[in-house]
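Peer 1: So I've got this file, input_21.cif, and it contains mmCIF, C-alpha atoms and all ligand atoms:
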```
data_work
loop_
_atom_site.label_atom_id
_atom_site.label_comp_id
_atom_site.auth_asym_id
_atom_site.auth_seq_id
_atom_site.Cartn_x
_atom_site.Cartn_y
_atom_site.Cartn_z
CA MET A 1 -16.48 -12.81 15.36
CA GLU A 2 -14.17 -11.83 18.18
CA THR A 3 -10.92 -10.38 16.86
CA LYS A 4 -7.87 -11.31 18.93
CA LEU A 5 -5.19 -8.67 19.41
CA TRP A 6 -1.56 -9.37 20.15
CA GLN A 7 1.30 -6.96 20.73
CA VAL A 8 4.68 -8.09 19.46
CA ASP A 9 8.02 -6.28 19.60
CA PRO A 10 9.60 -6.57 16.13
CA HIS A 11 13.08 -6.25 17.64
CA THR A 12 12.83 -9.42 19.69
CA VAL A 13 10.22 -11.49 17.82
CA THR A 14 10.95 -15.07 16.73
CA ASP A 15 8.79 -17.81 15.18
CA ARG A 16 8.51 -19.29 18.72
CA HIS A 17 6.92 -16.19 20.28
CA PRO A 18 3.57 -17.31 21.82
CA ALA A 19 1.57 -14.68 19.89
CA ILE A 20 3.23 -15.69 16.62
CA GLU A 21 2.50 -19.38 17.34
CA GLU A 22 -1.14 -18.53 18.06
CA ALA A 23 -1.46 -16.45 14.88
CA ALA A 24 0.18 -19.26 12.85
CA THR A 25 -2.20 -21.82 14.36
CA LEU A 26 -5.18 -19.70 13.29
CA LEU A 27 -3.75 -19.35 9.77
CA LYS A 28 -3.24 -23.13 9.56
CA ALA A 29 -6.86 -23.55 10.69
CA GLY A 30 -8.01 -21.46 7.71
CA GLU A 31 -8.60 -18.14 9.46
CA ALA A 32 -7.62 -14.64 8.28
CA VAL A 33 -5.08 -12.80 10.46
CA ALA A 34 -3.60 -9.30 9.96
CA PHE A 35 0.10 -8.59 10.54
CA PRO A 36 2.65 -5.87 9.75
CA THR A 37 4.96 -5.98 6.75
CA GLU A 38 7.64 -3.39 5.96
CA THR A 39 5.21 -1.63 3.56
CA VAL A 40 1.70 -1.75 5.07
CA TYR A 41 -0.27 -4.20 7.25
CA GLY A 42 -1.44 -7.28 5.34
CA LEU A 43 -4.50 -9.48 5.89
CA GLY A 44 -3.14 -13.01 5.56
CA ALA A 45 -4.72 -16.39 4.88
CA ASN A 46 -3.58 -19.80 3.61
CA ALA A 47 -3.10 -19.32 -0.15
CA LEU A 48 -3.66 -23.06 -0.77
CA SER A 49 -7.20 -23.02 0.62
CA ASP A 50 -10.19 -21.60 -1.30
CA GLU A 51 -12.17 -21.27 1.89
CA ALA A 52 -9.42 -19.39 3.75
CA VAL A 53 -8.77 -17.03 0.82
CA GLN A 54 -12.47 -16.24 0.50
CA LYS A 55 -12.44 -14.99 4.08
CA ILE A 56 -10.04 -12.23 2.96
CA PHE A 57 -12.38 -11.09 0.18
CA THR A 58 -15.38 -11.11 2.54
CA ALA A 59 -13.63 -9.21 5.35
CA LYS A 60 -12.27 -6.54 3.00
CA GLY A 61 -15.32 -6.29 0.74
CA ARG A 62 -12.85 -6.84 -2.12
CA PRO A 63 -13.99 -7.43 -5.72
CA ALA A 64 -13.37 -11.08 -6.65
CA ASP A 65 -11.52 -10.14 -9.87
CA ASN A 66 -8.65 -8.53 -7.91
CA PRO A 67 -5.88 -11.12 -7.30
CA LEU A 68 -3.85 -11.32 -4.07
CA ILE A 69 -0.09 -11.19 -3.54
CA ILE A 70 1.43 -14.42 -2.15
CA HIS A 71 3.98 -13.94 0.62
CA LEU A 72 6.85 -16.39 0.99
CA TYR A 73 9.63 -16.78 3.51
CA ASP A 74 12.32 -18.58 1.57
CA ARG A 75 13.33 -18.47 -2.08
CA ASN A 76 13.37 -22.29 -2.24
CA GLN A 77 9.58 -22.21 -1.88
CA LEU A 78 9.22 -20.49 -5.27
CA VAL A 79 9.35 -23.61 -7.44
CA ARG A 80 6.45 -25.13 -5.50
CA TYR A 81 4.05 -22.49 -6.85
CA VAL A 82 5.46 -20.95 -10.05
CA ARG A 83 7.04 -22.15 -13.30
CA ASN A 84 9.19 -20.78 -16.14
CA ILE A 85 11.00 -18.39 -13.81
CA PRO A 86 13.06 -16.04 -16.02
CA SER A 87 16.64 -15.32 -14.96
CA ILE A 88 15.78 -11.64 -14.59
CA ALA A 89 13.48 -12.64 -11.71
CA TYR A 90 16.44 -14.11 -9.81
CA LYS A 91 18.48 -10.98 -10.50
CA LEU A 92 15.72 -8.85 -8.98
CA LEU A 93 15.40 -11.17 -5.99
CA ASP A 94 19.17 -11.04 -5.43
CA HIS A 95 18.93 -7.27 -5.05
CA PHE A 96 15.51 -6.62 -3.57
CA ALA A 97 14.38 -9.70 -1.64
CA PRO A 98 13.35 -9.68 1.07
CA GLY A 99 11.84 -6.26 0.41
CA PRO A 100 9.01 -4.18 -1.08
CA LEU A 101 8.98 -5.80 -4.54
CA THR A 102 6.31 -8.13 -5.98
CA LEU A 103 7.12 -10.25 -9.03
CA ILE A 104 4.38 -11.35 -11.43
CA LEU A 105 5.20 -14.90 -12.54
CA GLU A 106 3.42 -17.82 -14.20
CA HIS A 107 1.86 -20.08 -11.56
CA ASN A 108 1.59 -23.88 -11.67
CA ASP A 109 -2.05 -24.22 -10.53
CA SER A 110 -1.19 -25.26 -6.97
CA LEU A 111 -2.53 -22.07 -5.35
CA SER A 112 -6.18 -21.32 -4.70
CA ARG A 113 -7.77 -19.96 -7.88
CA TYR A 114 -9.50 -17.37 -5.70
CA ALA A 115 -6.10 -16.00 -4.70
CA THR A 116 -5.07 -15.63 -8.35
CA ALA A 117 -8.56 -14.46 -9.43
CA GLY A 118 -8.41 -17.11 -12.17
CA LEU A 119 -5.38 -15.52 -13.91
CA SER A 120 -2.47 -17.63 -15.23
CA THR A 121 -0.02 -15.45 -13.30
CA VAL A 122 0.56 -14.71 -9.63
CA GLY A 123 2.25 -11.96 -7.63
CA ILE A 124 4.94 -13.21 -5.25
CA ARG A 125 6.78 -11.26 -2.60
CA PHE A 126 9.23 -11.89 0.23
CA PRO A 127 8.39 -9.36 2.96
CA ASP A 128 11.20 -7.86 5.00
CA HIS A 129 9.51 -7.35 8.36
CA PRO A 130 10.56 -9.51 11.32
CA VAL A 131 6.93 -10.08 12.39
CA ALA A 132 5.79 -11.05 8.88
CA ARG A 133 8.80 -13.33 8.49
CA ALA A 134 8.20 -14.98 11.87
CA ILE A 135 4.56 -15.68 10.92
CA LEU A 136 5.53 -17.11 7.52
CA GLN A 137 8.15 -19.33 9.15
CA ALA A 138 5.84 -20.51 11.95
CA SER A 139 2.91 -21.28 9.64
CA ASP A 140 5.09 -22.82 6.90
CA LEU A 141 2.42 -21.81 4.37
CA PRO A 142 2.27 -19.54 1.33
CA ILE A 143 0.26 -16.63 2.72
CA ALA A 144 -2.04 -14.60 0.47
CA ALA A 145 -2.14 -11.07 1.88
CA PRO A 146 -3.63 -7.91 0.46
CA SER A 147 -3.41 -4.68 2.43
CA ALA A 148 -5.50 -5.05 5.62
CA ASN A 149 -7.98 -2.23 4.94
CA ARG A 150 -11.61 -2.23 3.83
CA SER A 151 -11.50 -2.19 0.03
CA GLY A 152 -11.17 1.42 -1.20
CA SER A 153 -9.91 3.02 2.01
CA PRO A 154 -6.27 4.03 2.66
CA SER A 155 -3.95 1.09 3.43
CA PRO A 156 -3.11 0.56 7.12
CA THR A 157 0.31 1.53 8.43
CA GLU A 158 -0.61 0.95 12.10
CA ALA A 159 -2.56 -1.80 13.87
CA LYS A 160 -5.18 0.75 14.95
CA HIS A 161 -6.00 1.42 11.26
CA VAL A 162 -6.61 -2.32 10.78
CA TYR A 163 -8.76 -2.35 13.90
CA GLN A 164 -10.86 0.58 12.58
CA ASP A 165 -11.56 -1.27 9.33
CA LEU A 166 -11.65 -4.97 10.26
CA ASN A 167 -12.48 -5.42 13.96
CA GLY A 168 -15.04 -8.22 14.25
CA LYS A 169 -14.35 -9.36 10.68
CA VAL A 170 -11.02 -11.20 11.11
CA ALA A 171 -9.68 -13.76 13.58
CA GLY A 172 -6.77 -11.65 14.79
CA ILE A 173 -4.50 -8.63 14.43
CA VAL A 174 -0.80 -8.81 15.29
CA ASP A 175 0.33 -5.33 16.35
CA GLY A 176 3.99 -4.84 15.54
CA GLY A 177 3.97 -1.03 15.58
CA VAL A 178 4.17 1.39 12.67
CA THR A 179 5.29 -0.06 9.31
CA GLY A 180 8.39 1.38 7.65
CA VAL A 181 7.98 2.20 3.95
CA GLY A 182 4.35 3.32 4.21
CA VAL A 183 3.29 2.59 0.63
CA GLU A 184 2.83 -0.86 -0.89
CA SER A 185 5.35 -2.95 -2.79
CA THR A 186 6.27 -2.24 -6.40
CA VAL A 187 4.50 -4.76 -8.66
CA ILE A 188 6.59 -5.76 -11.70
CA ASP A 189 5.59 -8.23 -14.41
CA VAL A 190 8.63 -10.31 -15.36
CA THR A 191 6.71 -12.55 -17.78
CA VAL A 192 7.07 -9.82 -20.44
CA ASN A 193 10.21 -8.41 -22.03
CA PRO A 194 11.30 -5.85 -20.97
CA PRO A 195 9.64 -6.25 -17.56
CA MET A 196 6.73 -3.89 -16.87
CA ILE A 197 5.97 -1.99 -13.66
CA LEU A 198 2.24 -2.36 -12.99
CA ARG A 199 2.19 -0.51 -9.68
CA PRO A 200 4.90 1.91 -8.46
CA GLY A 201 5.86 1.25 -4.84
CA GLY A 202 8.60 0.87 -2.26
CA VAL A 203 11.35 0.02 -4.78
CA SER A 204 11.71 2.80 -7.36
CA ARG A 205 11.95 2.41 -11.12
CA GLU A 206 15.40 4.02 -10.91
CA GLN A 207 16.58 1.37 -8.42
CA ILE A 208 15.22 -1.44 -10.61
CA GLU A 209 16.76 -0.05 -13.80
CA ALA A 210 20.15 0.20 -12.09
CA VAL A 211 20.00 -3.62 -11.74
CA ILE A 212 18.25 -4.93 -14.89
CA GLY A 213 18.33 -2.04 -17.35
CA SER A 214 15.32 -0.28 -18.77
CA VAL A 215 11.80 -1.40 -17.88
CA GLN A 216 8.36 -0.38 -19.19
CA MET A 217 5.66 1.34 -17.17
CA ASP A 218 2.08 0.12 -17.62
CA PRO A 219 0.58 2.74 -20.00
CA ALA A 220 -2.48 2.84 -17.71
CA LEU A 221 -0.30 4.56 -15.07
CA LYS A 222 -0.13 7.62 -17.35
CA SER A 223 -3.43 7.56 -19.20
CA THR A 224 -6.93 6.86 -17.94
CA ASP A 225 -7.89 5.50 -21.42
CA ALA A 226 -5.79 2.34 -21.04
CA THR A 227 -6.97 -0.63 -18.93
CA PRO A 228 -4.47 -1.39 -16.15
CA ARG A 229 -2.78 -4.80 -16.31
CA SER A 230 -2.94 -4.95 -12.53
CA PRO A 231 -6.65 -5.43 -11.79
CA GLY A 232 -6.47 -3.58 -8.46
CA MET A 233 -5.26 -0.40 -10.16
CA LYS A 234 -8.59 0.23 -11.86
CA TYR A 235 -10.46 1.09 -8.68
CA ARG A 236 -10.69 4.43 -6.88
CA HIS A 237 -8.60 3.75 -3.86
CA TYR A 238 -6.82 5.09 -0.81
CA ALA A 239 -9.60 7.66 -0.60
CA PRO A 240 -10.67 9.66 2.44
CA GLU A 241 -14.39 10.43 2.75
CA ALA A 242 -14.23 14.11 1.73
CA PRO A 243 -13.42 14.83 -1.95
CA LEU A 244 -9.69 15.33 -2.47
CA TYR A 245 -8.17 17.59 -5.13
CA LEU A 246 -4.52 17.74 -6.17
CA VAL A 247 -3.27 21.28 -6.67
CA LYS A 248 -0.43 22.04 -9.08
CA GLY A 249 1.77 25.09 -9.69
CA GLU A 250 4.66 25.97 -11.98
CA THR A 251 6.82 26.48 -8.90
CA LEU A 252 6.47 25.55 -5.24
CA THR A 253 5.50 29.15 -4.39
CA GLN A 254 2.84 29.14 -7.09
CA MET A 255 1.46 25.86 -5.78
CA TYR A 256 1.18 27.35 -2.26
CA GLU A 257 -0.52 30.44 -3.71
CA HIS A 258 -2.91 28.31 -5.73
CA ILE A 259 -3.90 26.26 -2.67
CA LEU A 260 -4.38 29.44 -0.57
CA GLN A 261 -6.59 30.93 -3.27
CA GLU A 262 -8.75 27.76 -3.54
CA ALA A 263 -8.94 27.41 0.23
CA LYS A 264 -10.07 31.04 0.67
CA ARG A 265 -12.73 30.57 -2.01
CA CYS A 266 -14.10 27.43 -0.26
CA ILE A 267 -13.99 29.11 3.16
CA ALA A 268 -15.94 32.08 1.77
CA GLU A 269 -18.63 29.54 0.76
CA GLY A 270 -18.75 28.40 4.39
CA LYS A 271 -16.80 25.17 3.83
CA LYS A 272 -14.23 23.65 6.13
CA VAL A 273 -11.03 22.92 4.22
CA GLY A 274 -8.45 20.20 4.81
CA ILE A 275 -4.92 20.78 3.53
CA LEU A 276 -2.36 18.03 3.02
CA THR A 277 1.08 19.62 3.18
CA THR A 278 4.63 19.10 4.46
CA VAL A 279 6.85 20.56 7.17
CA GLU A 280 8.05 23.10 4.61
CA GLY A 281 4.57 24.33 3.63
CA ARG A 282 2.66 24.28 6.92
CA SER A 283 3.25 27.85 8.07
CA VAL A 284 2.19 29.32 4.71
CA TYR A 285 -1.36 28.07 5.34
CA ALA A 286 -1.36 28.42 9.13
CA GLU A 287 -0.48 32.13 8.83
CA GLN A 288 -3.01 33.02 6.16
CA LEU A 289 -6.12 30.90 6.74
CA PRO A 290 -8.65 31.12 9.59
CA TYR A 291 -7.92 28.46 12.22
CA GLU A 292 -11.55 27.36 12.77
CA GLN A 293 -12.20 26.59 9.13
CA THR A 294 -8.91 24.93 8.25
CA MET A 295 -7.48 21.54 9.11
CA ILE A 296 -3.81 21.24 8.21
CA GLU A 297 -2.15 17.81 8.08
CA VAL A 298 1.63 17.55 7.69
CA CYS A 299 2.66 14.27 6.03
CA GLY A 300 6.44 14.59 6.18
CA GLU A 301 9.33 16.58 4.74
CA ARG A 302 9.31 17.54 1.07
CA ARG A 303 13.12 17.28 1.00
CA ARG A 304 12.88 13.67 2.28
CA LEU A 305 10.07 12.11 0.26
CA GLU A 306 10.41 8.77 2.07
CA THR A 307 8.92 10.51 5.15
CA VAL A 308 5.92 11.58 3.07
CA ALA A 309 5.43 7.95 1.97
CA GLN A 310 5.59 6.79 5.60
CA ASN A 311 2.85 9.13 6.82
CA LEU A 312 0.63 9.52 3.76
CA TYR A 313 -2.08 6.94 4.55
CA ASP A 314 -2.30 7.89 8.22
CA ARG A 315 -2.86 11.55 7.29
CA LEU A 316 -5.49 10.65 4.68
CA ARG A 317 -7.27 8.66 7.41
CA LYS A 318 -6.95 11.60 9.87
CA PHE A 319 -9.20 13.73 7.65
CA ASN A 320 -11.98 11.20 8.27
CA GLU A 321 -11.90 12.03 11.98
CA THR A 322 -12.73 15.65 11.13
CA ASP A 323 -15.67 17.37 9.45
CA VAL A 324 -13.76 18.83 6.48
CA ASP A 325 -15.86 19.31 3.33
CA ILE A 326 -12.97 19.27 0.88
CA ILE A 327 -9.27 18.34 0.92
CA LEU A 328 -6.61 20.20 -1.07
CA ALA A 329 -3.37 18.26 -1.45
CA GLU A 330 0.08 19.38 -2.55
CA VAL A 331 1.76 17.49 -5.39
CA PHE A 332 5.24 15.94 -5.40
CA PRO A 333 7.91 15.27 -8.02
CA SER A 334 7.31 11.94 -9.80
CA GLU A 335 10.75 10.47 -9.22
CA GLY A 336 12.08 7.83 -6.81
CA ILE A 337 9.47 7.06 -4.14
CA GLY A 338 7.63 10.20 -5.37
CA THR A 339 6.20 8.13 -8.24
CA ALA A 340 4.41 5.85 -5.77
CA ILE A 341 3.26 8.82 -3.66
CA MET A 342 1.76 10.59 -6.70
CA ASN A 343 0.15 7.36 -7.93
CA ARG A 344 -1.64 6.92 -4.57
CA LEU A 345 -2.61 10.59 -4.36
CA GLU A 346 -4.03 10.50 -7.90
CA LYS A 347 -6.09 7.43 -6.95
CA ALA A 348 -7.27 9.13 -3.75
CA ALA A 349 -8.27 12.17 -5.84
CA GLY A 350 -9.95 10.03 -8.47
CA GLY A 351 -7.65 11.88 -10.91
CA LYS A 352 -9.01 15.34 -9.99
CA TYR A 353 -6.50 18.21 -10.37
CA ILE A 354 -7.02 21.93 -9.82
O1 LIG A 401 3.14 -4.09 -0.04
C1 LIG A 401 2.27 -4.86 -0.48
O2 LIG A 401 2.32 -5.35 -1.62
C2 LIG A 401 1.09 -5.19 0.47
C3 LIG A 401 1.62 -5.99 1.64
C4 LIG A 401 0.53 -6.46 2.56
O3 LIG A 401 2.39 -7.06 1.18
N1 LIG A 401 0.08 -5.92 -0.25
C5 LIG A 401 -0.73 -5.33 -1.18
O4 LIG A 401 -1.71 -6.16 -1.68
O5 LIG A 401 -0.62 -4.17 -1.51
P1 LIG A 401 -2.99 -5.60 -2.46
O6 LIG A 401 -3.85 -6.79 -2.64
O7 LIG A 401 -3.54 -4.46 -1.73
O8 LIG A 401 -2.44 -5.18 -3.85
C6 LIG A 401 -2.04 -6.17 -4.78
C7 LIG A 401 -1.89 -5.57 -6.16
C8 LIG A 401 -3.26 -5.29 -6.77
O9 LIG A 401 -3.19 -4.09 -7.52
C9 LIG A 401 -3.45 -6.51 -7.68
O10 LIG A 401 -4.33 -6.25 -8.74
C10 LIG A 401 -2.02 -6.76 -8.15
O11 LIG A 401 -1.24 -6.52 -7.02
N2 LIG A 401 -1.84 -8.14 -8.61
C11 LIG A 401 -1.85 -9.28 -7.88
N3 LIG A 401 -1.69 -10.36 -8.66
C12 LIG A 401 -1.56 -9.91 -9.93
C13 LIG A 401 -1.36 -10.54 -11.21
N4 LIG A 401 -1.27 -11.86 -11.34
N5 LIG A 401 -1.27 -9.74 -12.29
C14 LIG A 401 -1.35 -8.39 -12.18
N6 LIG A 401 -1.53 -7.74 -11.01
C15 LIG A 401 -1.64 -8.49 -9.90
MG MG A 402 -4.56 -2.71 -1.25
#
```
In structure tokens, how does this file's structure come out?
Ligand code: TXA
Ligand code: MG
Peer 2:
Amino acid sequence: METKLWQVDPHTVTDRHPAIEEAATLLKAGEAVAFPTETVYGLGANALSDEAVQKIFTAKGRPADNPLIIHLYDRNQLVRYVRNIPSIAYKLLDHFAPGPLTLILEHNDSLSRYATAGLSTVGIRFPDHPVARAILQASDLPIAAPSANRSGSPSPTEAKHVYQDLNGKVAGIVDGGVTGVGVESTVIDVTVNPPMILRPGGVSREQIEAVIGSVQMDPALKSTDATPRSPGMKYRHYAPEAPLYLVKGETLTQMYEHILQEAKRCIAEGKKVGILTTVEGRSVYAEQLPYEQTMIEVCGERRRLETVAQNLYDRLRKFNETDVDIILAEVFPSEGIGTAIMNRLEKAAGGKYI
């Protein structure tokens, strides 16, 4: 299949932009089209059509038991697809919609059962990206859209990442530049009381609790013994090709020391070592490790964790363009957006800590 590419400026886009109209026409015809959201690029298809939704699963190589998030433009659309909406859902929407928050609600059987993977609930989100919103408005459809990567690889934050993974497998890619948040939406189940966070993401637990009071975290986020309530969370994910290890330390200095020690040991064995660090840590490694056998990637500023979230997936992908044998990654405090960062890093590491 030939994959069409369009470039769209998010600052001037409207639902009447020719590229947006073309993308919407393809979606209405049952094709899968990738587009930017404020979190990561999504691979969209008509959520009412079994055939269209199946194209997403085929293009991504996604397991059929992993349900998709449905993207809507306007809150009035909600009642067409879900029922028994608790008042807490409206409270969350008042504060965080449009934005990086996905609500798990009971659906009313009008959506494709492939999109919901046969569950009685569905994830709904109102994306806050002008290109995503223009496409939703122009197509006037509920759009099922998982992240637009091959299943298992890091989510795409730029159109070129989507192209690497899905060229020839989807009808089109709308390039609207680099996404903003960099990690996916927070998934929260509001069918239970108190609501439960199933996947940490762009809206932090602290922000949510400031609005609706205390929430639960899916126990599977802490322990590998529990089965995650969000089917997608059970897979190894976001992973670069080389094995990735998370390296801890009592203090920041000890973490740096620990990484240096591990890196030197690997280098002595003739390995090439990748290091995932921040602006603050870069020189520690650059000064002490041999240039030819080290590949240092800076993913942002430790003192501004939102910059780490923005760059994380791109840097994980960058290691695939090199011949590193092993990746050593710094860890971050699990608070605010740091919770989502650590969740993705732990998935990328398959839970491996040094
Ligand atoms: O930011 C995002 O949410 C991006 C952009 C494109 O909107 N989308 C995204 O979709 O991350 P995806 O498919 O990569 O992740 C959806 C997650 C999966 O972990 C899935 O298992 C979970 O949401 N999910 C979807 N429906 C669910 C349901 N009914 N119950 C529990 N978890 C659900
Ligand atoms: Mg995904």
Peer 1: Please produce, as a tab-separated table, a per-residue contact table for chain A versus ligand MG 402 (chain A) (criterion: any atom at most 8 Å away, all atoms listed in the file considered), showing the nearest atom pair and its distance in Å to one decimal, sorted by chain then residue number.
Peer 2:
```
residue	atom	partner	partner_atom	distance
A:Pro146	CA	A:MG402	MG	5.6
A:Ser147	CA	A:MG402	MG	4.3
A:Ala148	CA	A:MG402	MG	7.3
A:Asn149	CA	A:MG402	MG	7.1
A:Ser151	CA	A:MG402	MG	7.1
A:Gly152	CA	A:MG402	MG	7.8
A:Pro154	CA	A:MG402	MG	8.0
A:Ser155	CA	A:MG402	MG	6.1
A:Glu184	CA	A:MG402	MG	7.6
A:Gly232	CA	A:MG402	MG	7.5
```
Peer 1: Could you list, as a list in words, every residue within 9 Å of Ser120 (chain A), counting only C-alpha atoms and ignoring same-chain residues fewer than 6 positions away?
Peer 2: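 Neighbouring residues, sequence-local ones excluded: Leu105, Glu106, His107, Asn108 and Asp109 of chain A.
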Peer 1: Using all atoms listed in the file, which of the listed residues (A:Ile354, A:Cys266, A:Ala309, A:Ile85) sits closest to Gly338 (chain A)?
Peer 2: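 Of the candidates, the smallest distance to Gly338 (chain A) is held by A:Ala309.
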Peer 1: At a cut-off of 12 Å, using only C-alpha atoms, what residues contact Glu51 (chain A)? Leave out same-chain residues fewer than 2 positions from it and give the result as number ranges by chain.
Peer 2: A: 27-32, 45-49, 53-58, 112-115
Peer 1: Per residue of chain A within 6 Å of ligand LIG 401 (chain A), note the shortest atom pair and the distance in Å to one decimal, counting all atoms listed in the file, and order the rows by chain and increasing residue number, as a tab-separated table.
Peer 2:
```
residue	atom	partner	partner_atom	distance
A:Thr39	CA	A:LIG401	O1	4.8
A:Val40	CA	A:LIG401	C3	5.5
A:Tyr41	CA	A:LIG401	C4	5.3
A:Gly42	CA	A:LIG401	C4	3.5
A:Asn66	CA	A:LIG401	O10	5.0
A:Pro67	CA	A:LIG401	C11	4.5
A:Leu68	CA	A:LIG401	O6	4.8
A:Ile69	CA	A:LIG401	C11	5.1
A:Pro100	CA	A:LIG401	O1	6.0
A:Ile104	CA	A:LIG401	N4	5.7
A:Thr121	CA	A:LIG401	N4	4.3
A:Val122	CA	A:LIG401	N4	3.8
A:Gly123	CA	A:LIG401	N3	4.4
A:Ala145	CA	A:LIG401	C4	5.4
A:Pro146	CA	A:LIG401	O6	3.3
A:Ser147	CA	A:LIG401	O7	4.2
A:Glu184	CA	A:LIG401	O1	3.4
A:Ser185	CA	A:LIG401	O1	3.7
A:Arg229	CA	A:LIG401	C14	5.7
A:Ser230	CA	A:LIG401	N6	3.5
A:Pro231	CA	A:LIG401	O10	3.9
A:Gly232	CA	A:LIG401	O10	3.4
A:Met233	CA	A:LIG401	O9	5.0
```
Peer 1: Looking at only C-alpha atoms, which of A:Ala171, A:Leu119, A:Ala59, A:Cys299 is the one that sits closest to Asp314 (chain A)?
Peer 2: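 Smallest distance to Asp314 (chain A) is found for A:Cys299.
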Peer 1: Any idea what the distance is between CA of Tyr256 (chain A) and CA of Arg282 (chain A)?
Peer 2: 9.8 Å
Peer 1: May I ask for the distance between CA of Leu111 (chain A) and CA of Ala24 (chain A), given in Å to one decimal place?
Peer 2: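 Between CA of Leu111 (chain A) and CA of Ala24 (chain A) the gap works out to 18.6 Å.
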Peer 1: Pick out the closest residue to Ile70 (chain A) from this set: A:Pro243, A:Pro142, A:Pro10, A:Pro195. Count all atoms listed in the file.
Peer 2: A:Pro142
Peer 1: Please provide as a PyMOL selection string all residues within 10 Å of Gln207 (chain A), with the sequence filter that same-chain residues fewer than 4 positions apart are discarded (counting all atoms listed in the file).
Peer 2: chain A and resi 95-96+203+211-213+336
Peer 1: Pick from A:Gln293, A:Ser283, A:Thr322, A:Thr224: nearest to Glu346 (chain A), with only C-alpha atoms counted?
Peer 2: A:Thr224
Peer 1: If we count all atoms listed in the file, what is near Asn76 (chain A) at a cut-off of 12 Å, once residues fewer than 4 positions away on the same chain are taken out, given as a list in words?
Peer 2: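 The residues satisfying every condition are Leu72, Arg80, Tyr81, Val82, Tyr90, Leu93, Phe126 and Pro142 of chain A.
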Peer 1: Grab the CA of Thr277 (chain A) to CA of Phe332 (chain A) distance for me, in Å with one decimal place.
Peer 2: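 Value for the CA of Thr277 (chain A)-CA of Phe332 (chain A) distance: 10.2 Å.
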Peer 1: Give me the residues near Leu244 (chain A) as a list in words, where near means some atom within 10 Å (using only C-alpha atoms) and where sequence neighbours in that chain fewer than 3 positions away do not count.
Peer 2: Ala239, Pro240, Glu241, Val247, Gly274, Ile275, Leu276, Leu316, Asp325, Ile326, Ile327, Leu328, Ala329, Leu345, Glu346, Lys347, Ala348, Ala349, Gly350, Gly351, Lys352 and Tyr353 of chain A
Peer 1: Hey, can you pull every residue with an atom no more than 12 Å from (-8.6, 0.8, 11.0), using only C-alpha atoms, and send it as an MDAnalysis selection string?
Peer 2: chainID A and resid 34 41 60 147:151 153:169 173 313:314 317:318 320:321
Peer 1: Please define a box with edges along x, y and z of the file around all atoms of region 342-346 of chain A given in the file, extend it by 6 Å on each side, and return its centre and edge lengths in Å to one decimal, as AutoDock Vina command-line options.
Peer 2:
```
--center_x -1.1 --center_y 8.8 --center_z -6.1 --size_x 17.8 --size_y 15.7 --size_z 15.6
```
Peer 1: When you count only C-alpha atoms, which of these residues is closest to Phe35 (chain A): A:Val187, A:Ala132, A:Met295, A:Ala117?
Peer 2: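 Closest residue, counting only C-alpha atoms: A:Ala132.
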Peer 1: Would you fill out region 20-27 of chain A with N, CA, C and O atoms and return it as a PDB file, keeping the file's coordinate frame?
Peer 2:
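Here's the written file selection.pdb:
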```pdb
ATOM      1  N   ILE A  20       2.976 -15.268  18.005  1.00  0.00           N
ATOM      2  CA  ILE A  20       3.230 -15.690  16.620  1.00  0.00           C
ATOM      3  C   ILE A  20       2.734 -17.130  16.433  1.00  0.00           C
ATOM      4  O   ILE A  20       2.104 -17.463  15.420  1.00  0.00           O
ATOM      5  N   GLU A  21       2.980 -17.989  17.430  1.00  0.00           N
ATOM      6  CA  GLU A  21       2.500 -19.380  17.340  1.00  0.00           C
ATOM      7  C   GLU A  21       0.980 -19.429  17.273  1.00  0.00           C
ATOM      8  O   GLU A  21       0.400 -20.196  16.507  1.00  0.00           O
ATOM      9  N   GLU A  22       0.330 -18.573  18.078  1.00  0.00           N
ATOM     10  CA  GLU A  22      -1.140 -18.530  18.060  1.00  0.00           C
ATOM     11  C   GLU A  22      -1.665 -18.050  16.709  1.00  0.00           C
ATOM     12  O   GLU A  22      -2.606 -18.620  16.149  1.00  0.00           O
ATOM     13  N   ALA A  23      -1.037 -16.987  16.189  1.00  0.00           N
ATOM     14  CA  ALA A  23      -1.460 -16.450  14.880  1.00  0.00           C
ATOM     15  C   ALA A  23      -1.250 -17.519  13.798  1.00  0.00           C
ATOM     16  O   ALA A  23      -2.111 -17.715  12.939  1.00  0.00           O
ATOM     17  N   ALA A  24      -0.119 -18.222  13.848  1.00  0.00           N
ATOM     18  CA  ALA A  24       0.180 -19.260  12.850  1.00  0.00           C
ATOM     19  C   ALA A  24      -0.829 -20.410  12.952  1.00  0.00           C
ATOM     20  O   ALA A  24      -1.258 -20.961  11.934  1.00  0.00           O
ATOM     21  N   THR A  25      -1.213 -20.756  14.176  1.00  0.00           N
ATOM     22  CA  THR A  25      -2.200 -21.820  14.360  1.00  0.00           C
ATOM     23  C   THR A  25      -3.539 -21.432  13.731  1.00  0.00           C
ATOM     24  O   THR A  25      -4.181 -22.248  13.055  1.00  0.00           O
ATOM     25  N   LEU A  26      -3.939 -20.171  13.911  1.00  0.00           N
ATOM     26  CA  LEU A  26      -5.180 -19.700  13.290  1.00  0.00           C
ATOM     27  C   LEU A  26      -5.087 -19.732  11.764  1.00  0.00           C
ATOM     28  O   LEU A  26      -6.022 -20.148  11.076  1.00  0.00           O
ATOM     29  N   LEU A  27      -3.932 -19.311  11.227  1.00  0.00           N
ATOM     30  CA  LEU A  27      -3.750 -19.350   9.770  1.00  0.00           C
ATOM     31  C   LEU A  27      -3.833 -20.779   9.256  1.00  0.00           C
ATOM     32  O   LEU A  27      -4.475 -21.056   8.234  1.00  0.00           O
TER      33      LEU A  27
END
```
